[in-house]
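Here is input-v4.txt, consisting of compact mmCIF, C-alpha atoms:
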```txt
# COMPACT_ATOMS: atom_id res chain seq x y z
CA MET E 1 -121.51 -119.92 61.15
CA LYS E 2 -123.97 -118.21 63.50
CA ALA E 3 -124.95 -114.59 63.03
CA ASP E 4 -123.40 -112.13 65.48
CA ARG E 5 -126.74 -111.62 67.22
CA ASN E 6 -127.32 -115.36 67.60
CA LYS E 7 -126.50 -116.09 71.24
CA THR E 8 -127.74 -119.70 71.27
CA ILE E 9 -125.61 -121.93 73.51
CA ASP E 10 -124.84 -125.05 71.47
CA ILE E 11 -121.31 -125.92 72.59
CA SER E 12 -120.50 -129.60 72.00
CA ILE E 13 -119.48 -132.12 74.66
CA GLU E 14 -115.97 -132.26 73.19
CA LYS E 15 -115.50 -128.49 73.31
CA GLY E 16 -117.29 -128.21 76.65
CA LYS E 17 -115.36 -130.86 78.57
CA GLN E 18 -114.42 -128.33 81.27
CA TYR E 19 -118.13 -127.85 81.97
CA LEU E 20 -118.90 -131.55 82.02
CA ASP E 21 -116.08 -132.00 84.54
CA LYS E 22 -117.91 -129.68 86.94
CA CYS E 23 -120.84 -132.11 87.11
CA ILE E 24 -120.92 -134.98 89.59
CA SER E 25 -122.11 -138.58 89.60
CA VAL E 26 -123.96 -140.00 92.60
CA VAL E 27 -123.64 -143.76 93.05
CA GLU E 28 -123.91 -143.96 96.84
CA LYS E 29 -125.76 -142.15 99.60
CA LYS E 30 -124.69 -138.50 99.82
CA ASP E 31 -125.09 -135.76 102.40
CA LEU E 32 -126.26 -132.29 101.45
CA THR E 33 -122.83 -130.68 101.24
CA ALA E 34 -121.83 -133.12 98.50
CA VAL E 35 -124.69 -132.19 96.16
CA LEU E 36 -125.55 -128.59 97.02
CA ASP E 37 -125.22 -126.22 94.05
CA LYS E 38 -124.31 -129.13 91.78
CA THR E 39 -125.47 -130.59 88.50
CA ILE E 40 -125.78 -134.36 88.89
CA ILE E 41 -125.39 -136.60 85.84
CA GLY E 42 -127.60 -139.66 85.99
CA ASP E 43 -131.02 -141.27 85.79
CA THR E 44 -133.21 -139.31 88.19
CA LEU E 45 -135.06 -142.42 89.44
CA GLN E 46 -131.74 -144.00 90.40
CA VAL E 47 -130.17 -140.83 91.84
CA MET E 48 -133.02 -139.50 93.99
CA PRO E 49 -132.99 -142.41 96.50
CA LEU E 50 -129.32 -141.56 97.19
CA LEU E 51 -129.99 -137.92 98.08
CA PRO E 52 -130.54 -136.67 101.66
CA HIS E 53 -134.06 -136.62 103.03
CA ASN E 54 -136.00 -133.43 103.79
CA PHE E 55 -133.68 -130.96 102.04
CA VAL E 56 -135.93 -129.45 99.35
CA ASP E 57 -137.73 -126.15 99.95
CA LEU E 58 -139.00 -125.80 96.39
CA LEU E 59 -139.46 -128.57 93.83
CA ILE E 60 -139.76 -127.56 90.18
CA VAL E 61 -140.38 -130.41 87.75
CA ASP E 62 -140.52 -130.30 83.97
CA PRO E 63 -140.90 -133.99 83.11
CA PRO E 64 -141.18 -135.35 79.57
CA TYR E 65 -144.71 -134.70 78.39
CA ASN E 66 -146.66 -137.65 77.04
CA LEU E 67 -145.42 -136.98 73.50
CA ASP E 68 -142.92 -138.48 71.09
CA LYS E 69 -139.85 -136.33 71.68
CA ASN E 70 -136.16 -136.67 70.86
CA PHE E 71 -133.92 -135.32 73.62
CA ASN E 72 -130.53 -135.31 71.92
CA GLY E 73 -130.80 -138.97 70.99
CA ALA E 74 -132.79 -140.11 74.03
CA LYS E 75 -136.30 -140.68 72.70
CA PHE E 76 -139.38 -140.45 74.89
CA LYS E 77 -142.29 -142.39 73.42
CA LYS E 78 -145.92 -141.44 73.83
CA THR E 79 -147.78 -143.99 75.95
CA SER E 80 -151.35 -144.53 77.09
CA ASP E 81 -152.83 -142.22 79.70
CA GLU E 82 -152.69 -145.08 82.20
CA GLN E 83 -148.99 -145.72 81.59
CA TYR E 84 -148.16 -142.03 81.85
CA TYR E 85 -150.08 -141.89 85.14
CA GLU E 86 -147.94 -144.75 86.46
CA TYR E 87 -144.76 -143.04 85.24
CA THR E 88 -145.77 -139.85 87.06
CA ASP E 89 -146.72 -141.76 90.19
CA THR E 90 -143.29 -143.42 90.21
CA TRP E 91 -141.22 -140.25 90.14
CA VAL E 92 -143.53 -138.48 92.61
CA LYS E 93 -143.17 -141.30 95.16
CA THR E 94 -139.40 -141.25 94.65
CA VAL E 95 -139.10 -137.51 95.29
CA LEU E 96 -141.43 -137.44 98.33
CA PRO E 97 -138.78 -138.25 101.00
CA LEU E 98 -136.60 -135.37 99.78
CA LEU E 99 -139.17 -132.67 100.52
CA LYS E 100 -139.35 -130.53 103.63
CA GLU E 101 -142.64 -130.43 105.50
CA ASN E 102 -143.41 -126.94 104.15
CA ALA E 103 -142.11 -127.56 100.62
CA THR E 104 -143.83 -126.23 97.50
CA ILE E 105 -144.18 -128.22 94.28
CA TYR E 106 -144.60 -126.97 90.71
CA VAL E 107 -145.02 -129.42 87.82
CA CYS E 108 -145.05 -128.37 84.16
CA CYS E 109 -147.30 -130.11 81.63
CA ASP E 110 -149.36 -129.67 78.49
CA TRP E 111 -153.07 -130.22 77.96
CA GLN E 112 -152.62 -133.95 77.31
CA SER E 113 -150.44 -134.75 80.33
CA SER E 114 -152.11 -132.29 82.71
CA PRO E 115 -155.03 -134.53 83.82
CA ALA E 116 -152.78 -137.47 84.77
CA ILE E 117 -150.29 -135.25 86.57
CA GLY E 118 -153.05 -133.45 88.43
CA MET E 119 -154.59 -136.73 89.64
CA VAL E 120 -151.24 -138.02 90.90
CA LEU E 121 -150.37 -134.79 92.70
CA LYS E 122 -153.77 -134.80 94.40
CA LYS E 123 -152.92 -138.21 95.93
CA TYR E 124 -149.83 -136.91 97.73
CA PHE E 125 -150.08 -133.13 98.08
CA HIS E 126 -152.40 -130.20 98.68
CA ILE E 127 -153.37 -128.80 95.28
CA GLN E 128 -153.39 -125.00 95.47
CA ASN E 129 -153.93 -123.95 91.85
CA ARG E 130 -153.19 -124.60 88.21
CA ILE E 131 -151.32 -121.92 86.27
CA THR E 132 -151.80 -121.60 82.52
CA TRP E 133 -149.17 -119.70 80.57
CA GLN E 134 -149.18 -118.53 76.99
CA ARG E 135 -146.23 -119.83 75.00
CA GLU E 136 -146.60 -116.96 72.51
CA LYS E 137 -145.89 -119.27 69.61
CA GLY E 138 -146.91 -122.79 68.69
CA ARG E 139 -146.89 -125.18 65.80
CA GLY E 140 -149.35 -124.46 63.03
CA ALA E 141 -152.34 -126.75 62.67
CA LEU E 142 -154.66 -127.16 59.70
CA SER E 143 -157.25 -129.41 61.32
CA ASN E 144 -157.11 -128.25 64.95
CA TRP E 145 -156.40 -125.22 67.14
CA LYS E 146 -152.71 -124.37 67.46
CA ASN E 147 -151.31 -125.30 70.87
CA GLY E 148 -150.23 -122.02 72.46
CA MET E 149 -150.75 -122.80 76.17
CA GLU E 150 -149.13 -124.96 78.84
CA ASP E 151 -150.02 -125.67 82.46
CA ILE E 152 -148.09 -125.66 85.74
CA TRP E 153 -149.65 -127.42 88.71
CA PHE E 154 -149.07 -125.61 92.02
CA ALA E 155 -149.14 -127.89 95.06
CA THR E 156 -147.75 -127.91 98.60
CA ASN E 157 -146.55 -130.62 100.94
CA SER E 158 -148.66 -129.24 103.80
CA LYS E 159 -150.96 -126.33 104.56
CA SER E 160 -147.97 -124.31 105.72
CA TYR E 161 -145.96 -122.92 102.81
CA THR E 162 -144.17 -119.86 101.43
CA PHE E 163 -145.93 -117.47 99.07
CA ASN E 164 -144.29 -114.07 98.56
CA VAL E 165 -146.96 -112.37 96.47
CA GLU E 166 -145.33 -108.93 96.77
CA ASP E 167 -142.26 -110.30 94.97
CA VAL E 168 -144.14 -111.31 91.82
CA LYS E 169 -146.14 -108.26 90.88
CA ILE E 170 -146.64 -107.54 87.19
CA ARG E 171 -146.14 -104.09 85.67
CA ARG E 172 -148.92 -103.38 83.19
CA LYS E 173 -149.73 -100.40 81.02
CA VAL E 174 -152.65 -98.28 82.15
CA ILE E 175 -154.95 -97.70 79.20
CA ALA E 176 -157.53 -95.45 80.91
CA PRO E 177 -155.74 -93.72 83.81
CA TYR E 178 -158.00 -92.79 86.72
CA LYS E 179 -157.21 -89.76 88.85
CA VAL E 180 -158.44 -88.43 92.19
CA ASP E 181 -157.94 -84.72 92.83
CA GLY E 182 -155.81 -84.60 89.70
CA LYS E 183 -153.39 -87.26 90.93
CA PRO E 184 -152.94 -90.87 89.69
CA LYS E 185 -154.83 -93.48 91.71
CA ASP E 186 -153.07 -96.87 92.00
CA TRP E 187 -150.77 -96.15 89.04
CA GLU E 188 -147.74 -94.04 88.25
CA GLU E 189 -146.91 -91.65 85.46
CA THR E 190 -143.48 -92.06 83.85
CA GLU E 191 -141.58 -90.79 80.82
CA ASP E 192 -142.32 -94.12 79.13
CA GLY E 193 -146.02 -94.23 79.87
CA ASN E 194 -148.51 -94.95 82.63
CA PHE E 195 -148.12 -98.16 84.63
CA ARG E 196 -149.66 -100.10 87.47
CA ASN E 197 -148.05 -102.90 89.48
CA THR E 198 -150.68 -105.61 89.90
CA TYR E 199 -150.95 -108.90 91.73
CA PRO E 200 -150.55 -111.95 89.46
CA SER E 201 -153.34 -114.27 88.41
CA ASN E 202 -153.05 -117.91 87.39
CA PHE E 203 -152.98 -116.93 83.69
CA TRP E 204 -149.63 -115.62 82.46
CA ASP E 205 -149.41 -113.88 79.11
CA ASP E 206 -146.14 -112.02 79.66
CA VAL E 207 -143.60 -114.82 79.06
CA SER E 208 -141.48 -115.22 75.92
CA ILE E 209 -140.07 -118.57 74.86
CA PRO E 210 -136.24 -118.31 74.63
CA TYR E 211 -135.15 -117.49 71.11
CA TRP E 212 -131.88 -117.17 69.23
CA SER E 213 -130.93 -113.62 70.25
CA MET E 214 -131.42 -114.22 73.99
CA PRO E 215 -128.32 -115.17 76.05
CA GLU E 216 -130.30 -117.86 77.91
CA ASN E 217 -131.23 -119.71 74.72
CA THR E 218 -129.88 -123.22 74.09
CA ALA E 219 -130.55 -125.90 71.50
CA HIS E 220 -132.69 -127.84 74.01
CA PRO E 221 -136.09 -128.64 72.41
CA THR E 222 -138.29 -127.82 75.42
CA GLN E 223 -136.38 -125.16 77.33
CA LYS E 224 -138.41 -123.14 79.85
CA PRO E 225 -137.85 -119.37 80.10
CA GLU E 226 -135.92 -117.98 83.06
CA LYS E 227 -138.69 -115.40 83.51
CA LEU E 228 -141.24 -118.18 84.00
CA LEU E 229 -139.05 -119.90 86.58
CA ALA E 230 -138.26 -116.64 88.34
CA LYS E 231 -141.95 -116.21 89.12
CA LEU E 232 -142.10 -119.65 90.76
CA ILE E 233 -138.84 -119.20 92.65
CA LEU E 234 -139.56 -115.70 93.98
CA ALA E 235 -143.10 -116.57 95.02
CA SER E 236 -142.39 -119.90 96.69
CA SER E 237 -138.92 -119.68 98.22
CA ASN E 238 -136.72 -117.28 100.13
CA PRO E 239 -133.07 -116.31 99.63
CA GLY E 240 -130.85 -119.19 100.77
CA ASP E 241 -133.56 -121.83 100.22
CA ILE E 242 -132.86 -124.96 98.14
CA VAL E 243 -134.53 -125.41 94.75
CA PHE E 244 -134.51 -128.94 93.29
CA ASP E 245 -135.14 -129.95 89.69
CA PRO E 246 -134.98 -133.71 88.95
CA PHE E 247 -135.38 -133.19 85.16
CA LEU E 248 -132.93 -130.32 84.76
CA GLY E 249 -132.54 -130.21 80.98
CA SER E 250 -130.32 -127.30 79.95
CA GLY E 251 -130.24 -125.91 83.48
CA SER E 252 -132.86 -123.15 83.51
CA THR E 253 -134.06 -123.90 87.07
CA SER E 254 -130.57 -123.99 88.57
CA VAL E 255 -129.46 -120.88 86.67
CA THR E 256 -132.49 -118.85 87.71
CA ALA E 257 -132.17 -120.02 91.31
CA LYS E 258 -128.53 -118.90 91.34
CA LYS E 259 -129.42 -115.50 89.89
CA LEU E 260 -132.02 -115.05 92.64
CA ASN E 261 -129.66 -116.06 95.48
CA ARG E 262 -131.11 -119.50 96.12
CA HIS E 263 -129.23 -122.80 96.34
CA TYR E 264 -129.93 -125.43 93.74
CA VAL E 265 -129.61 -129.15 92.99
CA GLY E 266 -130.37 -130.55 89.55
CA ILE E 267 -130.33 -133.99 87.94
CA GLU E 268 -129.90 -134.52 84.20
CA GLN E 269 -129.00 -137.74 82.40
CA ASN E 270 -127.91 -136.20 79.09
CA GLU E 271 -124.27 -135.09 79.09
CA GLN E 272 -124.84 -132.55 76.33
CA TYR E 273 -127.50 -130.77 78.36
CA CYS E 274 -125.24 -130.87 81.43
CA VAL E 275 -122.57 -129.01 79.45
CA TRP E 276 -125.04 -126.28 78.54
CA ALA E 277 -126.31 -126.07 82.12
CA GLU E 278 -122.82 -125.57 83.53
CA LYS E 279 -121.95 -123.02 80.84
CA ARG E 280 -125.04 -121.03 81.80
CA LEU E 281 -124.22 -121.30 85.51
CA GLU E 282 -120.79 -119.85 84.75
CA MET E 283 -122.41 -117.01 82.80
CA ALA E 284 -124.65 -116.29 85.80
CA ASP E 285 -121.56 -115.40 87.84
CA ILE E 286 -121.19 -112.33 85.64
CA ASP E 287 -124.70 -111.55 84.42
CA LYS E 288 -127.66 -111.97 86.77
CA ASP E 289 -130.19 -110.30 84.49
CA ILE E 290 -133.47 -112.09 83.83
CA GLN E 291 -135.24 -111.04 80.65
CA GLY E 292 -138.53 -109.35 81.51
CA TYR E 293 -137.80 -108.90 85.23
CA THR E 294 -136.42 -105.52 86.27
CA ASN E 295 -136.55 -103.30 89.35
CA GLY E 296 -138.40 -105.96 91.32
CA VAL E 297 -141.34 -106.34 88.95
CA PHE E 298 -142.23 -108.48 85.95
CA TRP E 299 -142.85 -106.44 82.82
CA GLU E 300 -145.36 -107.21 80.12
CA ARG E 301 -144.02 -109.02 77.09
CA ASN E 302 -141.97 -106.98 74.59
CA THR E 303 -141.24 -104.05 76.92
CA ASN E 304 -137.45 -104.38 77.05
CA ALA E 305 -136.99 -100.78 75.92
CA LEU E 306 -138.50 -99.63 79.21
CA GLN E 307 -135.97 -101.48 81.34
CA LYS E 308 -133.50 -98.72 81.97
CA LYS E 309 -132.20 -99.85 85.33
CA LYS E 310 -130.54 -103.21 85.84
CA ASN E 311 -131.98 -105.52 88.48
CA ARG E 312 -129.09 -106.67 90.67
```
Target format structure tokens, applied to this file:
Amino acid sequence: MKADRNKTIDISIEKGKQYLDKCISVVEKKDLTAVLDKTIIGDTLQVMPLLPHNFVDLLIVDPPYNLDKNFNGAKFKKTSDEQYYEYTDTWVKTVLPLLKENATIYVCCDWQSSPAIGMVLKKYFHIQNRITWQREKGRGALSNWKNGMEDIWFATNSKSYTFNVEDVKIRRKVIAPYKVDGKPKDWEETEDGNFRNTYPSNFWDDVSIPYWSMPENTAHPTQKPEKLLAKLILASSNPGDIVFDPFLGSGSTSVTAKKLNRHYVGIEQNEQYCVWAEKRLEMADIDKDIQGYTNGVFWERNTNALQKKKNR
């Protein structure tokens, strides 16, 4: 039995059949109306060639890292750097026809897979930056440094792309408030402290990995936080745009896109993860809150007590 505060979504396929029934299979060429705002069950390399061309505004990809990992029975085996490069090159070439001319691409990776992914992306896209985000926690290590960081490559399909920097400001505490004529300069004084809204850098230390008391948490082993995805979606798409995730997992990209009034398409081959994705999409009909994002700004980690107004 789970504790009352444990909100982890771990509903089984048998008990979640109604959610699995909401997913679709794609075995022949489909137009956009058939797949828009859907979770597609299937092998992404087989499904993507059947999707319409030039429909994606924002591509967010969280592929298996080059590590031994068990995804609910489907095991990904670590390969050589050369083989992982070829694997990355294959899915990138497959997704290329689906992208709009001004599409933006984000690809998640760790320090081992980052070099190969970066080299492949450079072949096909314009590399804009590489984001590094602090995972807050990592596995202990006795003979090495604990891995507490991951990367996200930021690339674009052309030199014309969306970047809404005003939508992704970070609210930070002001330690040494500076005043001019007795009034705050570039910061505000509140009942909860002094704060400044700042432009984001490519190092993010304000993101929490989903944990058991958060409604977004699932039993997926590599789930990305909604707050992390919200930054990508708000910066690089507009309301009504289409966000595509070909390695959907437990649905974080689709759920966050829905909460932020974007359309979504996701592909996931594991039925268990599809159940969790659809459950979360249903929950998003009622609750559009994103942990750490309130009143149009991203708050520093562990500042939930300051979020007095709901972001709707």
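From atom CA of Ala235 of chain E back to atom CA of Phe163 of chain E, the distance works out to 5.0 Å.
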Quiz item: For the atom pair atom CA of Lys231 of chain E and atom CA of Asp68 of chain E, what is the interatomic distance in Å to one decimal place?
Solution: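 These two atoms are separated by 28.7 Å.
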Quiz item: If you count only C-alpha atoms, which residues fall within 7 Å of segment 85-102 of chain E, apart from same-chain ones fewer than 4 positions away, as JSON, numbers by chain?
Solution: {"E": [45, 48, 49, 52, 53, 54, 55, 56, 57, 81, 116, 117, 120, 157, 158, 160, 161]}
Quiz item: Between E:Lys22, E:Arg262, E:Lys78, E:Lys173, which is the closest to Ser236 of chain E once you count only C-alpha atoms?
Solution: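 Once distances to Ser236 of chain E are computed over only C-alpha atoms, the minimum belongs to E:Arg262.
Nearest-residue note for Asn66 of chain E: choosing from E:Ile127, E:Cys109, E:Ile13, E:Leu248, the minimum distance belongs to E:Cys109, counting all atoms listed in the file.
From atom CA of Thr294 of chain E back to atom CA of Glu136 of chain E, the distance works out to 20.6 Å.
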Exercise. Determine the nearest neighbour of Gly193 of chain E from the options E:Val27, E:Gln112, E:Tyr293, E:Arg172, counting only C-alpha atoms.
Key: E:Arg172
Exercise. Within 8 Å of (-127.2, -137.4, 88.6) (coordinates as in the file), grab all the protein and nucleic acid residues, counting all atoms listed in the file, and write them out as a PyMOL selection string.
Key: chain E and resi 24-26+39-44+47+266-269
Okay, now the selection with C-alpha atoms, as a PDB file, keeping the file's coordinate frame?
```pdb
ATOM      1  CA  ILE E  24    -120.920-134.980  89.590  1.00  0.00           C
ATOM      2  CA  SER E  25    -122.110-138.580  89.600  1.00  0.00           C
ATOM      3  CA  VAL E  26    -123.960-140.000  92.600  1.00  0.00           C
ATOM      4  CA  THR E  39    -125.470-130.590  88.500  1.00  0.00           C
ATOM      5  CA  ILE E  40    -125.780-134.360  88.890  1.00  0.00           C
ATOM      6  CA  ILE E  41    -125.390-136.600  85.840  1.00  0.00           C
ATOM      7  CA  GLY E  42    -127.600-139.660  85.990  1.00  0.00           C
ATOM      8  CA  ASP E  43    -131.020-141.270  85.790  1.00  0.00           C
ATOM      9  CA  THR E  44    -133.210-139.310  88.190  1.00  0.00           C
ATOM     10  CA  VAL E  47    -130.170-140.830  91.840  1.00  0.00           C
ATOM     11  CA  GLY E 266    -130.370-130.550  89.550  1.00  0.00           C
ATOM     12  CA  ILE E 267    -130.330-133.990  87.940  1.00  0.00           C
ATOM     13  CA  GLU E 268    -129.900-134.520  84.200  1.00  0.00           C
ATOM     14  CA  GLN E 269    -129.000-137.740  82.400  1.00  0.00           C
TER      15      GLN E 269
END
```
Practice problem: Within 10 Å of Arg301 of chain E, counting only C-alpha atoms, which residues show up once you throw out same-chain ones fewer than 6 positions away? Write them as a list in words, please. | Solution: Glu136, Arg172, Asp205, Asp206, Val207, Ser208, Gln291 and Gly292 of chain E
Practice problem: Go through E:Lys146, E:Asn164, E:Asn217, E:Ile286 one by one, measure the shortest atom-to-atom distance of each to Asn238 of chain E using all atoms listed in the file, and give the residue with the smallest value. | Solution: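 Between E:Lys146, E:Asn164, E:Asn217, E:Ile286, the residue approaching Asn238 of chain E most closely is E:Asn164.
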Practice problem: Please provide as number ranges by chain all residues within 8 Å of Pro200 of chain E, with the sequence filter that same-chain residues fewer than 5 positions apart are discarded (counting only C-alpha atoms). | Solution: E: 165, 168-170
For those residues, write C-alpha atoms to a file as a PDB file, keeping the file's coordinate frame.
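Wrote it out as again.pdb, contents follow:
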```pdb
ATOM      1  CA  VAL E 165    -146.960-112.370  96.470  1.00  0.00           C
ATOM      2  CA  VAL E 168    -144.140-111.310  91.820  1.00  0.00           C
ATOM      3  CA  LYS E 169    -146.140-108.260  90.880  1.00  0.00           C
ATOM      4  CA  ILE E 170    -146.640-107.540  87.190  1.00  0.00           C
TER       5      ILE E 170
END
```
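Using all atoms listed in the file, the shortest contact distance between Ser237 of chain E and any of E:Tyr199, E:Tyr65, E:Tyr264, E:Phe76 is found at E:Tyr264.
Considering all atoms listed in the file, the residue among E:Tyr124, E:Asn295, E:Arg171, E:Ser80 positioned nearest to Thr198 of chain E is E:Arg171.
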